[in-house]
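A.B. asks: Contents of my_file24.csv (CSV, C-alpha atoms):
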chain,number,residue,atom,x,y,z
A,1,MET,CA,112.9,79.6,96.5
A,2,SER,CA,112.3,79.1,100.2
A,3,LEU,CA,109.0,79.9,101.9
A,4,LYS,CA,110.6,82.9,103.7
A,5,GLU,CA,111.9,84.2,100.5
A,6,GLU,CA,108.6,83.7,98.6
A,7,LEU,CA,106.6,85.4,101.4
A,8,SER,CA,109.1,88.3,101.7
A,9,GLU,CA,109.1,88.8,97.9
A,10,HIS,CA,105.3,88.8,97.8
A,11,PHE,CA,105.0,91.2,100.7
A,12,TRP,CA,107.5,93.6,99.0
A,13,ASN,CA,105.7,93.5,95.6
A,14,ILE,CA,102.2,94.0,97.1
A,15,SER,CA,103.6,96.8,99.3
A,16,CYS,CA,105.2,98.6,96.4
A,17,GLN,CA,102.0,98.3,94.3
A,18,PHE,CA,99.8,99.5,97.1
A,19,TYR,CA,102.1,102.4,97.9
A,20,ALA,CA,101.9,103.5,94.3
A,21,SER,CA,98.1,103.6,94.5
A,22,GLN,CA,96.4,107.0,94.4
A,23,GLY,CA,96.3,108.6,97.8
A,24,VAL,CA,98.2,105.9,99.6
A,25,LYS,CA,101.7,107.4,99.7
A,26,GLY,CA,100.4,110.6,101.2
A,27,CYS,CA,98.4,108.8,103.9
A,28,LEU,CA,101.3,106.5,104.8
A,29,LEU,CA,103.8,109.3,104.9
A,30,ASP,CA,101.5,111.4,107.1
A,31,LEU,CA,101.2,108.5,109.5
A,32,GLN,CA,104.9,108.1,109.5
A,33,GLU,CA,105.9,111.8,109.8
A,34,GLN,CA,103.1,113.1,112.0
A,35,GLN,CA,102.4,110.1,114.2
A,36,HIS,CA,105.6,108.2,114.1
A,37,LYS,CA,104.0,105.0,112.7
A,38,VAL,CA,106.2,102.5,110.8
A,39,VAL,CA,105.0,102.2,107.3
A,40,ASN,CA,106.3,98.6,106.9
A,41,GLN,CA,104.4,97.6,110.0
A,42,LEU,CA,101.2,99.2,108.7
A,43,LEU,CA,101.6,97.3,105.4
A,44,PHE,CA,102.5,94.1,107.2
A,45,SER,CA,99.3,94.3,109.3
A,46,LEU,CA,97.2,94.5,106.2
A,47,TRP,CA,99.1,91.9,104.2
A,48,VAL,CA,99.0,89.3,107.0
A,49,SER,CA,95.3,89.9,107.7
A,50,THR,CA,94.4,89.6,104.0
A,51,TYR,CA,96.5,86.7,102.7
A,52,PHE,CA,96.7,84.6,105.8
A,53,ASP,CA,93.7,85.4,107.9
A,54,TYR,CA,96.0,86.0,110.8
A,55,ARG,CA,95.0,87.9,114.0
A,56,PHE,CA,97.8,89.5,116.0
A,57,TYR,CA,97.9,89.2,119.8
A,58,ASN,CA,99.9,91.3,122.2
A,59,LYS,CA,102.5,88.4,122.7
A,60,ASP,CA,103.0,88.1,119.0
A,61,THR,CA,103.4,91.9,118.6
A,62,ILE,CA,106.0,92.2,121.3
A,63,GLU,CA,108.1,89.4,119.9
A,64,ILE,CA,107.8,90.7,116.3
A,65,LEU,CA,108.7,94.2,117.3
A,66,ARG,CA,111.7,92.9,119.4
A,67,LEU,CA,113.0,90.9,116.5
A,68,THR,CA,112.7,93.7,114.0
A,69,ARG,CA,113.9,96.6,116.1
A,70,LEU,CA,117.4,96.7,114.6
A,71,SER,CA,116.3,96.5,110.9
A,72,HIS,CA,113.8,99.3,111.5
A,73,PHE,CA,116.5,101.4,113.2
A,74,ASN,CA,118.7,101.0,110.2
A,75,VAL,CA,115.9,102.4,108.0
A,76,ARG,CA,115.4,105.3,110.3
A,77,ILE,CA,119.2,106.2,110.4
A,78,VAL,CA,119.5,106.2,106.6
A,79,ARG,CA,116.3,108.2,106.2
A,80,TYR,CA,117.5,110.7,108.7
A,81,LEU,CA,120.8,111.1,106.8
A,82,ARG,CA,119.1,111.4,103.5
A,83,LYS,CA,116.8,114.2,104.7
A,84,LYS,CA,119.6,116.1,106.5
A,85,VAL,CA,122.6,115.8,104.2
A,86,GLY,CA,123.6,119.1,102.5
A,87,LYS,CA,120.3,120.9,103.0
A,88,ASN,CA,122.0,124.3,103.8
A,89,ASN,CA,124.9,124.2,101.4
A,90,PRO,CA,124.0,125.7,98.0
A,91,ILE,CA,127.6,125.5,96.7
A,92,LEU,CA,127.6,121.7,96.8
A,93,ASN,CA,123.9,121.3,96.0
A,94,GLY,CA,124.6,119.0,92.9
A,95,PHE,CA,126.8,116.7,94.9
A,96,PHE,CA,124.3,116.5,97.8
A,97,THR,CA,121.4,115.9,95.4
A,98,SER,CA,123.4,112.9,94.0
A,99,LEU,CA,124.2,111.7,97.5
A,100,ARG,CA,120.5,111.9,98.6
A,101,ARG,CA,119.6,109.8,95.6
A,102,ILE,CA,122.1,107.2,96.6
A,103,LEU,CA,120.9,107.3,100.2
A,104,LEU,CA,117.3,106.8,98.9
A,105,ARG,CA,118.4,103.6,97.2
A,106,VAL,CA,120.1,102.4,100.3
A,107,GLU,CA,117.0,103.3,102.3
A,108,LEU,CA,114.8,101.2,100.0
A,109,LEU,CA,117.2,98.3,100.4
A,110,TYR,CA,116.9,98.6,104.2
A,111,GLU,CA,113.1,98.9,103.8
A,112,LYS,CA,113.0,95.6,101.9
A,113,LYS,CA,115.3,94.0,104.5
A,114,HIS,CA,113.0,95.3,107.3
A,115,GLN,CA,110.0,93.7,105.5
A,116,LYS,CA,111.8,90.4,105.2
A,117,GLN,CA,112.6,90.6,108.9
A,118,LEU,CA,108.9,91.2,109.7
A,119,VAL,CA,108.0,88.1,107.7
A,120,VAL,CA,110.8,86.0,109.3
A,121,SER,CA,109.8,87.2,112.8
A,122,TRP,CA,106.2,86.5,112.1
A,123,LEU,CA,107.0,82.9,111.0
A,124,LYS,CA,108.7,82.4,114.4
A,125,VAL,CA,105.5,83.4,116.3
A,126,ALA,CA,103.2,81.7,113.8
A,127,PRO,CA,105.0,78.4,113.2
A,128,PHE,CA,102.0,76.8,111.4
A,129,MET,CA,103.0,78.9,108.4
A,130,ASN,CA,106.2,76.9,108.0
A,131,ASP,CA,104.1,73.9,106.8
A,132,LYS,CA,104.0,74.1,103.0
A,133,GLU,CA,100.4,72.9,102.9
A,134,ASN,CA,99.3,75.9,104.8
A,135,LYS,CA,101.0,78.3,102.4
A,136,SER,CA,98.8,80.8,100.6
A,137,THR,CA,99.0,80.7,96.8
A,138,PHE,CA,98.7,84.5,96.7
A,139,GLU,CA,96.3,84.3,93.9
A,140,LEU,CA,93.4,85.8,95.9
A,141,PRO,CA,93.2,87.1,99.4
A,142,VAL,CA,92.2,84.4,101.8
A,143,ARG,CA,89.8,86.6,103.7
A,144,ILE,CA,88.6,90.2,103.8
A,145,ASP,CA,87.5,91.0,107.4
A,146,LYS,CA,87.5,94.8,108.1
A,147,ASP,CA,87.3,94.2,111.9
A,148,GLN,CA,90.4,91.9,111.8
A,149,HIS,CA,92.3,94.3,109.6
A,150,TYR,CA,91.5,97.2,112.0
A,151,HIS,CA,92.4,95.1,115.0
A,152,ASN,CA,95.8,94.1,113.5
A,153,LEU,CA,96.6,97.7,112.5
A,154,ARG,CA,95.9,98.8,116.1
A,155,ILE,CA,97.7,95.9,117.8
A,156,LEU,CA,100.9,96.1,115.8
A,157,ASN,CA,101.0,99.9,115.3
A,158,GLY,CA,99.1,101.4,118.2
A,159,ASP,CA,96.2,103.8,118.1
A,160,THR,CA,96.3,106.9,116.0
A,161,GLU,CA,95.4,110.5,117.0
A,162,ASN,CA,92.5,110.3,114.6
A,163,SER,CA,90.7,106.9,114.1
A,164,ASN,CA,89.8,108.0,110.6
A,165,ASP,CA,93.5,107.6,109.6
A,166,TYR,CA,93.2,103.8,109.8
A,167,VAL,CA,89.7,103.8,108.3
A,168,TYR,CA,91.0,105.7,105.3
A,169,LEU,CA,94.1,103.5,104.9
A,170,LEU,CA,91.9,100.4,105.3
A,171,SER,CA,89.4,101.7,102.6
A,172,LYS,CA,92.3,102.2,100.2
A,173,TRP,CA,93.7,98.7,101.0
A,174,LEU,CA,90.3,97.0,100.4
A,175,SER,CA,89.9,98.9,97.1
A,176,PHE,CA,93.4,97.9,96.1
A,177,ILE,CA,92.8,94.2,96.9
A,178,HIS,CA,89.5,94.1,95.0
A,179,HIS,CA,91.1,95.3,91.8
Show me the file's structure as structure tokens.
C.D. replies:
Amino acid sequence: MSLKEELSEHFWNISCQFYASQGVKGCLLDLQEQQHKVVNQLLFSLWVSTYFDYRFYNKDTIEILRLTRLSHFNVRIVRYLRKKVGKNNPILNGFFTSLRRILLRVELLYEKKHQKQLVVSWLKVAPFMNDKENKSTFELPVRIDKDQHYHNLRILNGDTENSNDYVYLLSKWLSFIHH
């Protein structure tokens, strides 16, 4: 397995496990729906800070967001369709329920593709990661630095309406990482 594949797979698995943690799904969906944050970018910020001790800078952020714009757009389109399809048609409700389940699976495939694109884009702005010797073993987090985590959340995702949103998410992440 290539480094890109290995990193992408690890990021996906950690994200799924964290998302399933108590209180995390609601927090992430609130940030997504109410403040238009991108869940994959939030997760990516935490993952990169934890496993690679990487600190984002504005230049990195602009390039990563530019390179991942299309893959995130695909996620948003499928999500929009899933939420809108057949909502006001009780006669075909069963059909639309099945269609929404299919669209949810497609959405998850696009979410995974978007995560992979985040990893690939990050490797382009952080070329030192392409060296096999610098690769994390993923066994334990490299570093837990709350300030760096908070910095990366803000740089890659922007500020939130309430600073406690990131504080809560970060507390959930740190609790998850330590278990």
A.B. asks: Nearest residue to Val120 (chain A) out of A:Glu161, A:Asp53, A:Glu6, A:Asp30, using all atoms listed in the file?
C.D. replies: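 So, comparing all the options, the nearest one is A:Glu6.
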A.B. asks: Please report the interatomic distance between CA of Leu81 (chain A) and CA of His36 (chain A) in Å with one decimal.
C.D. replies: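 For CA of Leu81 (chain A) relative to CA of His36 (chain A), the distance reads 17.1 Å.
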A.B. asks: Within 10 Å of Lys4 (chain A), counting only C-alpha atoms, which residues show up once you throw out same-chain ones fewer than 2 positions away? Write them as a ChimeraX atom specification, please.
C.D. replies: /A:1-2,6-10,116-117,119-120,123,129-130
A.B. asks: Nearest to Glu63 (chain A) among A:Val125, A:Ile144, A:Leu3, A:Leu153, with distances taken over all atoms listed in the file: which residue is it?
C.D. replies: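 Going through A:Val125, A:Ile144, A:Leu3, A:Leu153 one by one, the smallest distance to Glu63 (chain A) is for A:Val125.
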A.B. asks: So how many Å separate CA of Tyr54 (chain A) and CA of His149 (chain A), to one decimal?
C.D. replies: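 Calculated distance between CA of Tyr54 (chain A) and CA of His149 (chain A) is 9.2 Å.
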A.B. asks: Here is a test: counting all atoms listed in the file, which residue of A:Tyr51, A:Ser175, A:Leu109, A:Arg82 is nearest to Thr97 (chain A)?
C.D. replies: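 Smallest separation from Thr97 (chain A) among the options: A:Arg82.
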A.B. asks: What does the distance between CA of Tyr19 (chain A) and CA of Tyr57 (chain A) come to in Å, to one decimal place?
C.D. replies: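 Taking CA of Tyr19 (chain A) and CA of Tyr57 (chain A), their separation equals 25.9 Å.
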A.B. asks: Quick one: residues within 10 Å of Phe73 (chain A), all atoms listed in the file, excluding same-chain residues fewer than 6 positions away - as a ChimeraX atom specification?
C.D. replies: /A:79,110,114
A.B. asks: Any idea what's packed within 6 Å of Glu107 (chain A), counting all atoms listed in the file, ignoring anything in its chain fewer than 3 positions away? Could you give it as a list of chain:residue names?
C.D. replies: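 In the requested format, the answer is A:Val75, A:Val78, A:Leu103, A:Leu104, A:Tyr110.
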A.B. asks: Can you pull out the residues contacting Asn40 (chain A)? Cut-off 9 Å, using all atoms listed in the file, and skip same-chain residues under 6 positions away; I want them as JSON, numbers by chain.
C.D. replies: {"A": [15, 72, 111, 112, 114, 115, 118]}
A.B. asks: Between A:Ala20, A:Leu156, A:Ile102, A:Leu174, which has the minimum distance to Lys37 (chain A) (counting all atoms listed in the file)?
C.D. replies: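 So, comparing all the options, the nearest one is A:Leu156.
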A.B. asks: Between A:Leu99, A:Leu169, A:Ile14, A:Leu92, single out the one closest to Leu29 (chain A), counting only C-alpha atoms.
C.D. replies: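 Using only C-alpha atoms, Leu29 (chain A) sits closest to A:Leu169.
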A.B. asks: At most 12 Å from (93.7, 97.0, 114.2), file frame, only C-alpha atoms: which residues, as a ChimeraX atom specification?
C.D. replies: /A:41-46,48-49,54-58,61,145-160,163,165-167,169-170
